[in-house]
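**Student:** So that you have it, the file is protein_38.txt, and it contains compact mmCIF, C-alpha atoms:
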# COMPACT_ATOMS: atom_id res chain seq x y z
CA MET A 24 0.00 0.00 0.00
CA LYS A 25 1.40 3.36 -1.04
CA PRO A 26 1.93 5.99 1.67
CA PRO A 27 -0.38 9.01 1.43
CA THR A 28 0.82 11.94 -0.65
CA PRO A 29 1.53 15.24 1.16
CA LEU A 30 -1.72 16.72 -0.19
CA SER A 31 -3.86 13.72 0.80
CA GLN A 32 -2.19 13.71 4.21
CA ARG A 33 -3.11 17.37 4.64
CA VAL A 34 -6.70 16.66 3.65
CA ILE A 35 -7.03 13.68 6.02
CA THR A 36 -5.61 15.66 8.94
CA ALA A 37 -7.81 18.67 8.14
CA LEU A 38 -10.93 16.49 8.07
CA ALA A 39 -9.95 14.89 11.37
CA LEU A 40 -9.46 18.29 12.98
CA LEU A 41 -12.80 19.49 11.60
CA ALA A 42 -14.51 16.40 13.02
CA VAL A 43 -13.00 17.06 16.45
CA LEU A 44 -14.05 20.71 16.34
CA LEU A 45 -17.62 19.98 15.23
CA GLY A 46 -17.92 17.19 17.76
CA ALA A 47 -16.77 19.50 20.54
CA VAL A 48 -19.24 22.19 19.48
CA TRP A 49 -22.09 19.67 19.27
CA LEU A 50 -21.36 18.29 22.75
CA GLY A 51 -21.69 21.74 24.31
CA ARG A 52 -19.78 24.68 25.72
CA ALA A 53 -17.68 22.66 28.18
CA SER A 54 -16.30 20.28 25.55
CA PHE A 55 -15.61 23.15 23.14
CA VAL A 56 -13.73 25.10 25.81
CA LEU A 57 -11.68 22.02 26.73
CA VAL A 58 -10.66 21.33 23.12
CA ALA A 59 -9.88 25.02 22.57
CA ALA A 60 -7.73 25.11 25.71
CA VAL A 61 -5.78 22.02 24.63
CA LEU A 62 -5.12 23.49 21.18
CA THR A 63 -4.18 26.89 22.63
CA GLY A 64 -1.81 25.22 25.08
CA ALA A 65 -0.22 23.22 22.27
CA ALA A 66 0.21 26.40 20.21
CA ALA A 67 1.80 28.12 23.21
CA PHE A 68 4.26 25.23 23.60
CA GLU A 69 5.26 25.48 19.94
CA TRP A 70 5.53 29.28 20.08
CA LEU A 71 7.71 29.19 23.20
CA ARG A 72 10.05 26.67 21.58
CA LEU A 73 10.33 28.93 18.53
CA ALA A 74 11.18 31.75 20.96
CA GLY A 75 14.13 29.70 22.21
CA LEU A 76 12.84 28.20 25.46
CA SER A 77 13.84 24.65 26.35
CA ASP A 78 11.32 21.87 25.81
CA ARG A 79 10.90 21.34 29.55
CA LEU A 80 10.28 25.01 30.31
CA ALA A 81 7.94 25.31 27.31
CA VAL A 82 5.90 22.33 28.52
CA VAL A 83 5.56 23.67 32.06
CA ALA A 84 4.64 27.16 30.87
CA SER A 85 2.15 26.02 28.22
CA VAL A 86 0.38 23.49 30.47
CA SER A 87 0.13 26.07 33.26
CA TYR A 88 -1.19 28.59 30.75
CA ALA A 89 -3.87 26.24 29.40
CA LEU A 90 -4.98 25.41 32.95
CA LEU A 91 -5.23 29.13 33.74
CA LEU A 92 -7.41 29.66 30.70
CA LEU A 93 -9.70 26.84 31.79
CA ALA A 94 -9.80 28.11 35.36
CA GLY A 95 -10.72 31.60 34.19
CA GLU A 96 -13.58 30.27 32.08
CA ILE A 97 -14.87 28.01 34.88
CA ALA A 98 -14.75 30.90 37.34
CA GLY A 99 -16.55 33.17 34.87
CA ARG A 100 -13.56 35.49 34.57
CA THR A 101 -13.32 35.53 30.79
CA PRO A 102 -13.72 39.23 29.88
CA SER A 103 -16.80 40.50 28.08
CA GLY A 104 -18.37 43.87 27.34
CA PRO A 105 -16.06 46.92 27.25
CA VAL A 106 -13.10 44.92 28.60
CA LEU A 107 -13.32 42.47 25.71
CA THR A 108 -13.54 45.38 23.27
CA LEU A 109 -10.34 46.85 24.72
CA VAL A 110 -8.59 43.47 24.52
CA VAL A 111 -9.46 42.84 20.86
CA ALA A 112 -8.70 46.44 19.93
CA GLY A 113 -5.30 46.16 21.60
CA ALA A 114 -4.58 42.84 19.89
CA SER A 115 -5.56 44.28 16.51
CA ALA A 116 -3.23 47.22 17.09
CA VAL A 117 -0.40 44.82 17.92
CA TRP A 118 -1.01 42.83 14.74
CA LEU A 119 -0.90 46.03 12.69
CA SER A 120 2.42 46.84 14.36
CA LEU A 121 3.67 43.38 13.45
CA PHE A 122 2.75 44.12 9.84
CA VAL A 123 5.22 47.01 9.97
CA LEU A 124 7.78 44.67 11.54
CA LEU A 125 7.30 42.21 8.69
CA LEU A 126 7.97 44.95 6.15
CA GLN A 127 11.23 45.69 7.94
CA ALA A 128 12.09 41.99 8.24
CA GLU A 129 11.59 41.49 4.52
CA ARG A 130 14.26 44.15 4.00
CA GLY A 131 16.52 42.34 6.46
CA GLY A 132 16.24 44.90 9.24
CA ALA A 133 14.12 43.32 11.97
CA HIS A 134 14.40 40.53 14.51
CA VAL A 135 11.99 39.33 17.21
CA GLY A 136 13.83 38.87 20.50
CA ARG A 137 13.14 36.05 22.95
CA LEU A 138 11.42 38.17 25.60
CA ALA A 139 9.30 39.98 23.01
CA SER A 140 8.28 36.67 21.46
CA VAL A 141 7.26 35.21 24.84
CA ILE A 142 5.19 38.30 25.67
CA LEU A 143 3.54 38.21 22.25
CA CYS A 144 2.83 34.51 22.68
CA PHE A 145 0.73 34.90 25.79
CA ALA A 146 -0.82 38.25 24.84
CA LEU A 147 -1.94 37.29 21.35
CA LEU A 148 -3.00 33.73 22.18
CA THR A 149 -5.07 35.06 25.08
CA ALA A 150 -6.76 37.65 22.87
CA GLY A 151 -7.51 34.94 20.32
CA TRP A 152 -8.89 32.70 23.07
CA MET A 153 -11.22 35.42 24.35
CA ALA A 154 -12.43 36.26 20.85
CA LEU A 155 -13.01 32.58 20.06
CA LEU A 156 -15.16 32.04 23.14
CA HIS A 157 -17.11 35.21 22.40
CA LEU A 158 -17.85 34.05 18.83
CA HIS A 159 -18.91 30.66 20.19
CA SER A 160 -21.41 32.41 22.45
CA MET A 161 -22.85 34.17 19.39
CA GLY A 162 -23.81 30.85 17.80
CA LEU A 163 -22.40 27.98 15.78
CA LEU A 164 -22.92 29.62 12.39
CA ALA A 165 -21.23 32.85 13.45
CA LEU A 166 -18.21 30.93 14.72
CA LEU A 167 -17.92 28.55 11.77
CA SER A 168 -18.35 31.35 9.22
CA VAL A 169 -15.34 33.17 10.68
CA LEU A 170 -13.25 30.00 10.74
CA ALA A 171 -14.37 29.24 7.18
CA LEU A 172 -13.24 32.69 6.04
CA VAL A 173 -9.68 31.84 7.02
CA TRP A 174 -9.86 28.27 5.73
CA VAL A 175 -11.22 29.37 2.34
CA ALA A 176 -8.54 32.05 2.07
CA ASP A 177 -5.81 29.54 2.91
CA ILE A 178 -7.03 26.92 0.44
CA ALA A 179 -7.56 29.44 -2.35
CA ALA A 180 -4.14 31.00 -1.78
CA TYR A 181 -2.50 27.55 -1.89
CA PHE A 182 -4.03 26.44 -5.19
CA THR A 183 -3.98 29.85 -6.90
CA GLY A 184 -0.38 30.34 -5.89
CA ARG A 185 0.61 26.95 -7.26
CA ALA A 186 -1.23 27.52 -10.54
CA LEU A 187 -0.48 31.18 -11.21
CA GLY A 188 2.14 32.26 -8.70
CA ARG A 189 5.09 34.06 -10.20
CA ARG A 190 5.83 37.15 -8.14
CA LYS A 191 6.79 36.32 -4.55
CA LEU A 192 4.97 38.09 -1.72
CA ALA A 193 7.75 38.00 0.90
CA PRO A 194 10.63 35.88 -0.43
CA HIS A 195 12.92 36.52 2.55
CA ILE A 196 10.26 35.45 5.08
CA SER A 197 8.15 32.84 3.28
CA PRO A 198 9.33 32.03 -0.26
CA GLY A 199 6.25 29.93 -1.05
CA LYS A 200 3.73 32.76 -0.84
CA THR A 201 2.87 34.75 -3.94
CA TRP A 202 0.82 37.80 -4.85
CA ALA A 203 -1.35 35.55 -7.02
CA GLY A 204 -2.16 33.53 -3.92
CA VAL A 205 -3.19 36.69 -2.09
CA GLY A 206 -5.44 37.70 -4.98
CA GLY A 207 -6.98 34.24 -5.16
CA ALA A 208 -7.68 34.27 -1.42
CA VAL A 209 -9.41 37.66 -1.54
CA VAL A 210 -11.49 36.78 -4.60
CA ALA A 211 -12.58 33.43 -3.15
CA VAL A 212 -13.68 34.93 0.18
CA LEU A 213 -15.58 37.80 -1.47
CA LEU A 214 -17.34 35.56 -3.96
CA LEU A 215 -18.40 33.03 -1.33
CA ALA A 216 -19.64 35.78 0.99
CA LEU A 217 -21.72 37.28 -1.82
CA LEU A 218 -23.05 33.87 -2.84
CA ALA A 219 -23.99 32.97 0.73
CA HIS A 220 -25.79 36.27 1.15
CA GLN A 221 -27.75 35.79 -2.07
CA LEU A 222 -28.74 32.20 -1.32
CA TRP A 223 -29.17 32.28 2.47
CA PRO A 224 -29.51 35.91 3.60
CA GLY A 225 -31.17 34.90 6.86
CA LEU A 226 -28.40 32.61 8.09
CA GLY A 227 -26.43 33.87 11.08
CA LEU A 228 -23.14 34.17 9.22
CA PHE A 229 -20.66 36.88 10.14
CA SER A 230 -20.64 38.17 6.56
CA ASN A 231 -24.45 38.26 6.45
CA ALA A 232 -24.47 40.39 9.59
CA LEU A 233 -22.17 42.84 7.81
CA PHE A 234 -24.34 42.94 4.70
CA GLU A 235 -27.39 43.71 6.82
CA ARG A 236 -25.83 46.84 8.33
CA MET A 237 -23.37 48.18 5.74
CA ASN A 238 -23.15 48.99 2.07
CA LEU A 239 -21.58 46.52 -0.33
CA LEU A 240 -18.26 48.31 -0.80
CA LEU A 241 -17.59 48.59 2.93
CA VAL A 242 -18.35 44.90 3.47
CA MET A 243 -16.03 43.94 0.63
CA ALA A 244 -13.29 46.17 2.06
CA LEU A 245 -13.63 44.68 5.55
CA LEU A 246 -13.60 41.10 4.28
CA ALA A 247 -10.55 41.82 2.11
CA ALA A 248 -8.85 43.42 5.13
CA LEU A 249 -9.53 40.27 7.18
CA VAL A 250 -7.90 38.17 4.48
CA GLY A 251 -4.95 40.55 4.55
CA ILE A 252 -4.52 40.36 8.31
CA SER A 253 -4.76 36.56 8.17
CA ILE A 254 -1.72 36.65 5.91
CA VAL A 255 0.08 38.85 8.46
CA GLY A 256 -0.45 36.12 11.07
CA ASP A 257 0.86 33.49 8.68
CA LEU A 258 3.93 35.55 7.76
CA PHE A 259 4.71 36.40 11.36
CA GLU A 260 4.86 32.73 12.28
CA SER A 261 7.01 32.13 9.20
CA LEU A 262 9.40 34.81 10.49
CA MET A 263 9.60 33.11 13.89
CA LYS A 264 10.27 29.74 12.26
CA ARG A 265 12.94 31.22 10.03
CA GLN A 266 14.66 32.79 13.04
CA ALA A 267 14.50 29.46 14.89
CA GLY A 268 15.72 27.49 11.87
CA ARG A 269 12.57 25.32 11.73
CA LYS A 270 10.35 24.36 8.83
CA ASP A 271 7.29 23.68 11.01
CA SER A 272 6.30 24.68 14.54
CA SER A 273 6.18 20.93 15.38
CA GLY A 274 5.26 17.59 13.84
CA LEU A 275 2.05 17.11 15.81
CA LEU A 276 -0.31 17.28 12.80
CA PRO A 277 0.70 15.06 9.84
CA GLY A 278 0.91 17.08 6.66
CA HIS A 279 0.32 20.35 8.50
CA GLY A 280 3.23 20.67 10.92
CA GLY A 281 2.07 21.92 14.30
CA VAL A 282 -1.03 23.46 15.83
CA LEU A 283 0.47 26.93 15.49
CA ASP A 284 0.92 26.29 11.77
CA ARG A 285 -2.84 25.74 11.55
CA ILE A 286 -4.03 28.67 13.66
CA ASP A 287 -1.44 31.34 12.80
CA ALA A 288 -3.80 33.00 10.31
CA LEU A 289 -6.72 32.77 12.74
CA LEU A 290 -4.95 34.53 15.59
CA PRO A 291 -5.21 38.06 14.14
CA VAL A 292 -8.59 37.44 12.47
CA LEU A 293 -10.50 36.37 15.60
CA PRO A 294 -9.96 39.61 17.58
CA ALA A 295 -10.39 41.71 14.42
CA VAL A 296 -13.76 40.09 13.74
CA VAL A 297 -14.95 40.71 17.30
CA LEU A 298 -13.77 44.32 17.05
CA ILE A 299 -15.67 44.80 13.77
CA GLN A 300 -18.73 43.19 15.33
CA ARG A 301 -18.54 45.53 18.32
CA LEU A 302 -18.00 48.67 16.24
CA PHE A 303 -20.19 48.11 13.19
CA THR A 304 -22.95 45.59 13.96
Translate the structure of the given file into structure tokens.

**Tutor:**
Amino acid sequence: MKPPTPLSQRVITALALLAVLLGAVWLGRASFVLVAAVLTGAAAFEWLRLAGLSDRLAVVASVSYALLLLAGEIAGRTPSGPVLTLVVAGASAVWLSLFVLLLQAERGGAHVGRLASVILCFALLTAGWMALLHLHSMGLLALLSVLALVWVADIAAYFTGRALGRRKLAPHISPGKTWAGVGGAVVAVLLLALLAHQLWPGLGLFSNALFERMNLLLVMALLAALVGISIVGDLFESLMKRQAGRKDSSGLLPGHGGVLDRIDALLPVLPAVVLIQRLFT
């Protein structure tokens, strides 16, 4: 029997992860929070190793961190209301700052130090955690539509880049990414959002909520901006991996690398979506 190809391995792992996610959502809030905490803890472990911490210290810190997240949720201490708005606004501002850092890094003039990377790890993962739980509380369709936005962008960028990619997006950070991939990602997300709104305008999708309250051009601009910031998350992790001399954040997920490799694009999108929801809907 032939071993699975890299693409089929990616598909099998992606389907398994989707099944776990949907199963956790179906079983209720507690199971979803538990799965989210495990994945966030695993991402923290991988991030801390990329920052240069030893495996032992990274394990202790990431397990303690995941337990703190769970304890905060159980105790009802997960922020909401104005505090959540401040958290996601702050996280979005940090991600915009990291975009500037990436521009400098592409020119060879920027480096993320160990302490800065550790601080960013806990700050940005926590903001993503809070935004994720908030979206879950808004309903299954709202949550899945935001996750699907990033997944569609990632898949479209992969295949468009392979088919049409010529001009590199950031060759010194991530040589595989192309401007064609970026264009394909934006077009795919916009077309699917428009199609979903035309076919099922009453569904509780994030994009439908935008269409209900804004004009078409503003919705298109916001969705395109979300695709753009997802790429910032992807490139920032690529920068950390390049600094650490690693191809993947870990080998936990066959065909995908590590958990951080799978959620890097989600980390800036989740708080940005909650911020947009708070400000515009």

**Student:** Would you mind reading off the distance between atom CA of Ala208 of chain A and atom CA of Phe145 of chain A, one decimal, in Å?

**Tutor:**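 Taking atom CA of Ala208 of chain A and atom CA of Phe145 of chain A, their separation equals 28.5 Å.
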
**Student:** Padding 5 Å on every side, please: axis-aligned box over the listed atoms of segment 38-56 of chain A, centre and edge lengths to one decimal in Å, as AutoDock Vina command-line options.

**Tutor:**
--center_x -15.8 --center_y 20.0 --center_z 18.1 --size_x 22.6 --size_y 20.2 --size_z 30.1

**Student:** Per residue of segment 61-150 of chain A within 12 Å of segment 186-201 of chain A, note the shortest atom pair and the distance in Å to one decimal, counting only C-alpha atoms, and order the rows by chain and increasing residue number, as a Markdown table.

**Tutor:**
| residue | atom | partner | partner_atom | distance |
| --- | --- | --- | --- | --- |
| A:Phe122 | CA | A:Ala193 | CA | 11.9 |
| A:Leu124 | CA | A:Ile196 | CA | 11.5 |
| A:Leu125 | CA | A:Ile196 | CA | 8.2 |
| A:Leu126 | CA | A:Ala193 | CA | 8.7 |
| A:Gln127 | CA | A:Ile196 | CA | 10.7 |
| A:Ala128 | CA | A:Ile196 | CA | 7.5 |
| A:Glu129 | CA | A:His195 | CA | 5.5 |
| A:Arg130 | CA | A:His195 | CA | 7.9 |
| A:Gly131 | CA | A:His195 | CA | 7.9 |
| A:Gly132 | CA | A:His195 | CA | 11.2 |
| A:Ala133 | CA | A:Ile196 | CA | 11.1 |
| A:His134 | CA | A:Ile196 | CA | 11.5 |

**Student:** At what distance in Å, to one decimal, does atom CA of His159 of chain A lie from atom CA of Leu90 of chain A?

**Tutor:**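 Going from atom CA of Leu90 of chain A over to atom CA of His159 of chain A, I get 19.6 Å.
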
**Student:** Place a sphere of radius 10 Å on (-16.6, 33.0, 22.7) in the file coordinates and name every protein, DNA or RNA residue with an atom inside or on its surface, counting only C-alpha atoms; give the answer as an MDAnalysis selection string.

**Tutor:** chainID A and resid 52 55:56 101:103 151:162 166 293 297

**Student:** Hey, what's within 6 Å of segment 216-231 of chain A if we count all atoms listed in the file and toss same-chain stuff fewer than 6 positions away? As a list in words, please?

**Tutor:** Leu164, Ala165 and Ser168 of chain A

**Student:** Please determine, counting only C-alpha atoms, which residue among A:Gly206, A:Gly104, A:Gly281, A:Gly113 has the shortest atom-to-atom distance to Ala180 of chain A.

**Tutor:**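 Using only C-alpha atoms, Ala180 of chain A sits closest to A:Gly206.
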
**Student:** Between A:Thr183, A:Ser140, A:Ser253, A:Ser85, which residue has the minimum interatomic distance to Val296 of chain A, considering only C-alpha atoms?

**Tutor:** A:Ser253

**Student:** When distances are computed from all atoms listed in the file, which of A:Ala288, A:Ala267, A:Leu147, A:Leu40 shows the smallest separation from Val175 of chain A?

**Tutor:**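 Using all atoms listed in the file, Val175 of chain A sits closest to A:Ala288.
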
**Student:** Quick one: of A:Leu298, A:Val86, A:Ala232, A:Ala176, who's nearest to Glu69 of chain A, counting all atoms listed in the file?

**Tutor:**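 Between A:Leu298, A:Val86, A:Ala232, A:Ala176, the residue approaching Glu69 of chain A most closely is A:Val86.
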
**Student:** Find, counting only C-alpha atoms, the residue in A:Ala89, A:Leu249, A:Val169, A:Leu38 that gets nearest to Phe68 of chain A.

**Tutor:**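 Of the candidates, the smallest distance to Phe68 of chain A is held by A:Ala89.
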
**Student:** Dig up all the protein and nucleic acid residues within 9 Å of (-16.1, 23.4, 33.8) in the file frame, using only C-alpha atoms, and format them as an mmCIF file with C-alpha atoms, keeping the file's coordinate frame.

**Tutor:**
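Heads up, here's the output in part00.cif:
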data_model
loop_
_atom_site.group_PDB
_atom_site.id
_atom_site.type_symbol
_atom_site.label_atom_id
_atom_site.label_comp_id
_atom_site.auth_asym_id
_atom_site.auth_seq_id
_atom_site.Cartn_x
_atom_site.Cartn_y
_atom_site.Cartn_z
ATOM 1 C CA ARG A 52 -19.780 24.680 25.720
ATOM 2 C CA ALA A 53 -17.680 22.660 28.180
ATOM 3 C CA SER A 54 -16.300 20.280 25.550
ATOM 4 C CA VAL A 56 -13.730 25.100 25.810
ATOM 5 C CA LEU A 57 -11.680 22.020 26.730
ATOM 6 C CA LEU A 93 -9.700 26.840 31.790
ATOM 7 C CA ALA A 94 -9.800 28.110 35.360
ATOM 8 C CA GLU A 96 -13.580 30.270 32.080
ATOM 9 C CA ILE A 97 -14.870 28.010 34.880
ATOM 10 C CA ALA A 98 -14.750 30.900 37.340
#

**Student:** What does the distance from atom CA of Val282 of chain A to atom CA of Leu214 of chain A come to in Å, to one decimal?

**Tutor:**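 Calculated distance between atom CA of Val282 of chain A and atom CA of Leu214 of chain A is 28.4 Å.
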
**Student:** For Leu233 of chain A, please output as a list in words all residues within 10 Å (counting all atoms listed in the file; exclusion window: fewer than 6 positions along the same chain).

**Tutor:**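 My reading of the contact set: Leu239, Leu241, Val242, Met243, Leu245, Leu246, Ile299, Gln300, Phe303 and Thr304 of chain A.
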
**Student:** From the list A:Met237, A:Leu121, A:Leu143, A:Ala248, which residue is nearest Val212 of chain A when using all atoms listed in the file?

**Tutor:**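 Using all atoms listed in the file, the shortest distance to Val212 of chain A belongs to A:Ala248.
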